[in-house]
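Asks: coords.cif is reproduced in full below (mmCIF, C-alpha atoms).
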```cif
data_entry
loop_
_atom_site.label_atom_id
_atom_site.label_comp_id
_atom_site.auth_asym_id
_atom_site.auth_seq_id
_atom_site.Cartn_x
_atom_site.Cartn_y
_atom_site.Cartn_z
CA ASP X 1 127.96 44.28 91.22
CA HIS X 2 128.64 47.71 89.69
CA GLY X 3 132.18 47.94 91.14
CA LEU X 4 131.95 51.72 91.53
CA GLU X 5 133.42 53.68 94.41
CA PRO X 6 130.99 55.55 96.69
CA GLY X 7 130.04 59.00 95.43
CA TRP X 8 128.58 60.50 92.27
CA HIS X 9 129.11 58.85 88.88
CA GLU X 10 127.72 59.16 85.38
CA ALA X 11 125.93 56.11 84.02
CA ARG X 12 124.72 55.36 80.53
CA ILE X 13 121.19 53.99 80.53
CA GLU X 14 119.97 51.99 77.56
CA ALA X 15 116.58 50.44 76.87
CA MET X 16 115.35 48.59 73.83
CA GLY X 17 113.60 50.92 71.41
CA ALA X 18 114.85 54.10 73.09
CA GLN X 19 117.86 56.37 72.81
CA ALA X 20 120.62 55.90 75.36
CA VAL X 21 120.87 58.66 77.95
CA ALA X 22 123.46 59.69 80.52
CA ALA X 23 122.38 60.08 84.14
CA LYS X 24 124.07 60.98 87.39
CA VAL X 25 123.94 58.20 89.99
CA LEU X 26 124.91 58.25 93.64
CA ILE X 27 126.62 55.19 95.10
CA ILE X 28 126.09 55.04 98.86
CA PRO X 29 128.64 52.99 100.81
CA GLU X 30 127.47 50.15 103.01
CA GLY X 31 127.43 50.43 106.78
CA PRO X 32 125.80 52.80 109.27
CA ARG X 33 125.33 56.29 107.87
CA LEU X 34 123.27 59.42 108.24
CA GLY X 35 121.09 60.63 105.37
CA ILE X 36 118.67 63.50 104.74
CA ILE X 37 115.24 63.13 103.16
CA SER X 38 113.64 66.47 102.30
CA ASP X 39 110.27 67.39 100.93
CA ILE X 40 110.51 70.13 98.29
CA ASP X 41 107.21 72.03 98.13
CA ASP X 42 107.01 74.52 101.02
CA THR X 43 110.03 72.88 102.66
CA ALA X 44 112.82 73.82 100.24
CA MET X 45 110.79 75.99 97.85
CA VAL X 46 107.85 78.24 98.68
CA THR X 47 105.13 76.97 96.32
CA HIS X 48 101.81 76.83 98.19
CA VAL X 49 101.26 73.48 96.49
CA PRO X 50 97.94 72.17 97.83
CA ARG X 51 95.93 74.82 95.97
CA VAL X 52 95.58 73.21 92.54
CA LEU X 53 95.77 76.33 90.35
CA VAL X 54 98.68 77.81 92.27
CA ALA X 55 100.45 74.45 92.14
CA ALA X 56 99.95 74.20 88.39
CA TRP X 57 101.27 77.74 87.92
CA ASN X 58 104.33 77.13 90.11
CA GLN X 59 105.17 73.71 88.68
CA LEU X 60 104.50 74.23 85.00
CA VAL X 61 104.59 77.95 84.18
CA LYS X 62 106.50 80.06 86.67
CA TYR X 63 110.20 80.24 85.89
CA SER X 64 112.48 78.59 88.42
CA SER X 65 114.36 81.89 88.79
CA ALA X 66 111.20 83.51 90.17
CA ARG X 67 110.57 80.85 92.80
CA GLU X 68 111.44 81.59 96.40
CA PRO X 69 113.70 79.37 98.50
CA VAL X 70 112.68 78.70 102.08
CA PRO X 71 115.10 80.84 104.11
CA GLY X 72 117.81 78.88 105.93
CA MET X 73 117.03 75.41 104.55
CA ALA X 74 119.98 75.19 102.13
CA GLU X 75 122.33 76.27 104.94
CA LEU X 76 120.81 73.70 107.32
CA TYR X 77 121.38 70.85 104.87
CA SER X 78 124.90 72.02 104.05
CA ARG X 79 125.80 72.22 107.74
CA ILE X 80 124.52 68.69 108.37
CA GLN X 81 126.59 67.42 105.46
CA ALA X 82 129.66 69.32 106.67
CA ALA X 83 129.29 67.78 110.15
CA HIS X 84 128.70 64.31 108.67
CA PRO X 85 130.75 63.98 105.44
CA GLY X 86 129.22 61.68 102.86
CA THR X 87 125.64 62.31 103.99
CA PRO X 88 123.39 61.56 100.99
CA MET X 89 120.59 63.98 100.17
CA MET X 90 117.23 62.71 98.91
CA TYR X 91 114.53 65.07 97.68
CA LEU X 92 111.15 63.35 98.13
CA SER X 93 108.22 65.10 96.48
CA THR X 94 104.81 64.44 95.00
CA GLY X 95 105.95 66.44 91.96
CA ALA X 96 106.15 64.72 88.60
CA TRP X 97 109.40 63.53 87.01
CA ASN X 98 109.05 65.93 84.08
CA ILE X 99 109.85 68.92 86.35
CA THR X 100 113.19 67.45 87.46
CA PRO X 101 115.34 69.84 85.34
CA THR X 102 113.50 72.85 86.80
CA LEU X 103 113.88 71.54 90.35
CA ARG X 104 117.56 70.77 89.82
CA ARG X 105 118.24 74.31 88.54
CA PHE X 106 116.33 75.89 91.42
CA LEU X 107 118.09 73.85 94.12
CA SER X 108 121.53 74.40 92.59
CA ARG X 109 121.05 78.15 92.14
CA ASN X 110 119.89 78.53 95.75
CA GLY X 111 122.77 76.60 97.33
CA TYR X 112 121.01 73.33 98.13
CA PRO X 113 123.22 70.23 98.23
CA ARG X 114 123.17 67.99 95.20
CA GLY X 115 120.89 65.04 95.77
CA THR X 116 118.74 62.40 94.20
CA PHE X 117 115.06 62.86 93.40
CA LEU X 118 112.20 60.59 94.40
CA LEU X 119 109.33 61.98 92.35
CA THR X 120 106.16 60.45 90.95
CA ASP X 121 104.59 59.76 87.58
CA TRP X 122 101.98 62.16 86.24
CA GLY X 123 98.50 60.96 85.32
CA PRO X 124 95.91 58.39 86.31
CA THR X 125 96.48 54.96 87.78
CA PRO X 126 94.48 51.82 86.97
CA ASP X 127 92.06 52.57 89.84
CA ARG X 128 91.99 56.37 90.21
CA TRP X 129 92.18 59.61 88.22
CA PHE X 130 95.03 61.11 90.23
CA ARG X 131 97.97 59.47 91.91
CA SER X 132 98.16 59.56 95.68
CA GLY X 133 101.00 61.78 96.86
CA THR X 134 100.70 60.26 100.33
CA ASN X 135 101.09 56.73 98.98
CA HIS X 136 104.08 57.80 96.90
CA LYS X 137 105.87 59.20 99.95
CA VAL X 138 104.99 56.23 102.18
CA GLU X 139 106.16 53.70 99.58
CA SER X 140 109.36 55.65 98.85
CA LEU X 141 110.28 55.81 102.55
CA ARG X 142 109.63 52.08 103.00
CA ARG X 143 111.77 51.30 99.97
CA LEU X 144 114.65 53.37 101.39
CA ALA X 145 114.34 51.57 104.73
CA GLU X 146 114.49 48.20 102.98
CA GLU X 147 117.33 49.08 100.61
CA PHE X 148 119.44 50.88 103.24
CA PRO X 149 118.63 49.14 106.55
CA GLN X 150 121.67 50.59 108.36
CA MET X 151 120.91 54.18 107.30
CA LYS X 152 119.46 56.64 109.81
CA TRP X 153 117.47 59.40 108.14
CA ILE X 154 116.74 62.97 109.11
CA LEU X 155 113.25 63.55 107.70
CA VAL X 156 112.43 67.17 106.83
CA GLY X 157 108.99 68.36 105.74
CA ASP X 158 106.29 70.92 106.43
CA ASP X 159 102.84 71.01 107.99
CA GLY X 160 101.08 72.12 104.80
CA GLN X 161 100.09 68.63 103.69
CA HIS X 162 100.70 65.24 105.29
CA ASP X 163 104.41 65.19 106.13
CA PRO X 164 103.93 65.09 109.94
CA GLU X 165 101.65 62.05 109.72
CA ILE X 166 103.73 60.27 107.06
CA TYR X 167 106.99 60.79 108.96
CA ALA X 168 105.44 59.80 112.31
CA GLU X 169 104.11 56.56 110.81
CA PHE X 170 107.51 55.82 109.26
CA ALA X 171 109.17 56.40 112.65
CA ARG X 172 106.73 53.95 114.29
CA GLU X 173 107.28 51.33 111.59
CA PHE X 174 111.07 51.79 111.23
CA PRO X 175 112.33 53.45 114.45
CA GLN X 176 115.86 52.19 113.81
CA CYS X 177 115.92 54.20 110.55
CA VAL X 178 115.05 57.62 111.97
CA ALA X 179 117.67 59.98 113.39
CA GLY X 180 115.20 62.86 113.66
CA ILE X 181 112.17 64.60 112.20
CA ALA X 182 112.00 68.33 111.44
CA ILE X 183 108.72 69.94 110.42
CA ARG X 184 108.57 73.49 109.08
CA SER X 185 105.47 75.34 110.29
CA LEU X 186 103.92 77.34 107.49
CA SER X 187 103.13 80.99 108.17
CA GLU X 188 99.49 82.11 108.41
CA ILE X 189 99.68 83.44 104.84
CA GLU X 190 101.19 80.17 103.58
CA GLN X 191 98.52 78.15 105.42
CA PHE X 192 95.82 80.33 103.84
CA MET X 193 97.31 79.89 100.36
CA ALA X 194 97.65 76.15 100.93
CA HIS X 195 94.30 75.44 102.57
CA GLY X 196 92.13 78.54 102.24
CA SER X 197 91.78 78.75 106.04
#
```
Let me see whether you can do it: turn the structure in this file into structure tokens.

Replies:
Amino acid sequence: DHGLEPGWHEARIEAMGAQAVAAKVLIIPEGPRLGIISDIDDTAMVTHVPRVLVAAWNQLVKYSSAREPVPGMAELYSRIQAAHPGTPMMYLSTGAWNITPTLRRFLSRNGYPRGTFLLTDWGPTPDRWFRSGTNHKVESLRRLAEEFPQMKWILVGDDGQHDPEIYAEFAREFPQCVAGIAIRSLSEIEQFMAHGS
């Protein structure tokens, strides 16, 4: 019911008791389309996330200008979008919403296509101290499949955490929604930093 044309728009968001804010929103046209869902940590940005102290340093302290892009990923996404105009880009990560400005600056500076973020909330849940990154990704993918049933997604992740298993399960549950899966294999050094083995 928004009446907006497909593409990027600026929306004003208002909530009772809070200041109004402006936000960029992406309107995706109906009908069959191709889309890209990309992990961020160790897929778009070298972060060595599974090691808690390194992750905290990279996410909260280290300047975005000092972070390293994964070589070739920005070009890959840009080429897919050039071959399929109008391809939406979704960045799915277990990172918290409060790092969105840092992520946006990093991706923009390193030539990544503009996209929407599917991040998570920071802090405990009613039944656990830390939120489940796996559950966040699984639920986000299911939501996209339900909201965009005619969309076929290219799922891009890495083998440092659970992306291969999460994407494989999504492909089994929603085969009509998967155009392909690409998994970046971490180097031996990255695997050591991520897992200590």

Asks: At a cut-off of 10 Å, using all atoms listed in the file, what residues contact Arg104 (chain X)? Leave out same-chain residues fewer than 6 positions from it and give the result as an NGL selection string.

Replies: :X and (64 or 112 or 114-117)

Asks: Using only C-alpha atoms, can you tell me which of X:Ala145, X:Leu92, X:Ala23, X:Ala44 comes closest to Phe170 (chain X)?

Replies: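 Of the candidates, the smallest distance to Phe170 (chain X) is held by X:Ala145.
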
Asks: Go through X:Gln150, X:Ser78, X:Thr100, X:Ser38 and flag the residue nearest Tyr167 (chain X), using all atoms listed in the file for the distances.

Replies: X:Ser38

Asks: Please list as a list in words every residue within 6 Å of Asp39 (chain X), counting all atoms listed in the file and excluding residues in the same chain fewer than 5 positions away.

Replies: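 Within the cut-off, the hits are Tyr91, Leu92, Ser93 and Gly157 of chain X.
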
Asks: Can you spell out as a list in words the set of residues that the PyMOL selection byres ((chain X and resi 26) around 8) selects in the structure I just provided?

Replies: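 Listing what the PyMOL selection byres ((chain X and resi 26) around 8) selects in the shown file: Pro6, Gly7, Trp8, His9, Lys24, Val25, Ile27, Ile28 and Thr116 of chain X.
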
Asks: Which residues would end up in the selection if the PyMOL selection byres ((chain X and resi 42) around 9) were applied here, given that I need the answer as a list in words?

Replies: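 Matching residues under the PyMOL selection byres ((chain X and resi 42) around 9) are Asp39, Ile40, Asp41, Thr43, Ala44, Met45, Val46, Thr47, His48, Val49, Pro69, Val70, Gly157, Asp158, Asp159, Gly160, Arg184, Leu186 and Glu190 of chain X.
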
Asks: CA of Thr134 (chain X) and CA of Pro32 (chain X) are how many Å apart?

Replies: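 Going from CA of Thr134 (chain X) over to CA of Pro32 (chain X), I get 27.7 Å.
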
Asks: Using all atoms listed in the file, pick whichever of X:Ala182, X:Val138, X:Tyr77, X:Glu146 has the shortest atom-to-atom distance to Pro164 (chain X).

Replies: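 Closest candidate: X:Ala182.
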
Asks: Taking the file as I've supplied it (selection: the PyMOL selection byres ((chain X and resi 89) around 6)), which residues are included? Please answer as JSON, numbers by chain.

Replies: {"X": [36, 88, 90, 115]}

Asks: My list of candidates is X:Val156, X:Arg172, X:Arg33, X:Thr94. Which is closest to Asn135 (chain X) when distances are computed with all atoms listed in the file?

Replies: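 Looking at the shortest contact to Asn135 (chain X), the residue is X:Thr94.
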
Asks: Looking at X:Arg67, X:Phe106, X:Trp153, X:Glu14, which one is nearest to Gln176 (chain X), with distances taken over all atoms listed in the file?

Replies: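 For Gln176 (chain X), the nearest of the given residues is X:Trp153.
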
Asks: Distance CA of Gly180 (chain X)-CA of Leu34 (chain X), one decimal place?

Replies: 10.3 Å

Asks: CA of Ile37 (chain X) to CA of Ile154 (chain X): how many Å, to one decimal?

Replies: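 Between CA of Ile37 (chain X) and CA of Ile154 (chain X) the gap works out to 6.1 Å.
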
Asks: Find, counting all atoms listed in the file, the residue in X:Ile183, X:Trp97, X:Phe148, X:Ala82 that gets nearest to His162 (chain X).

Replies: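 Of all the options, X:Ile183 lies closest to His162 (chain X).
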
Asks: Give the centre and edge lengths of an axis-aligned box, in Å to one decimal, that holds all listed atoms of region 134-139 of chain X with 4 Å on each side, as lines of an AutoDock Vina configuration file.

Replies:
```
center_x = 103.4
center_y = 57.0
center_z = 99.5
size_x = 13.5
size_y = 14.6
size_z = 13.3
```
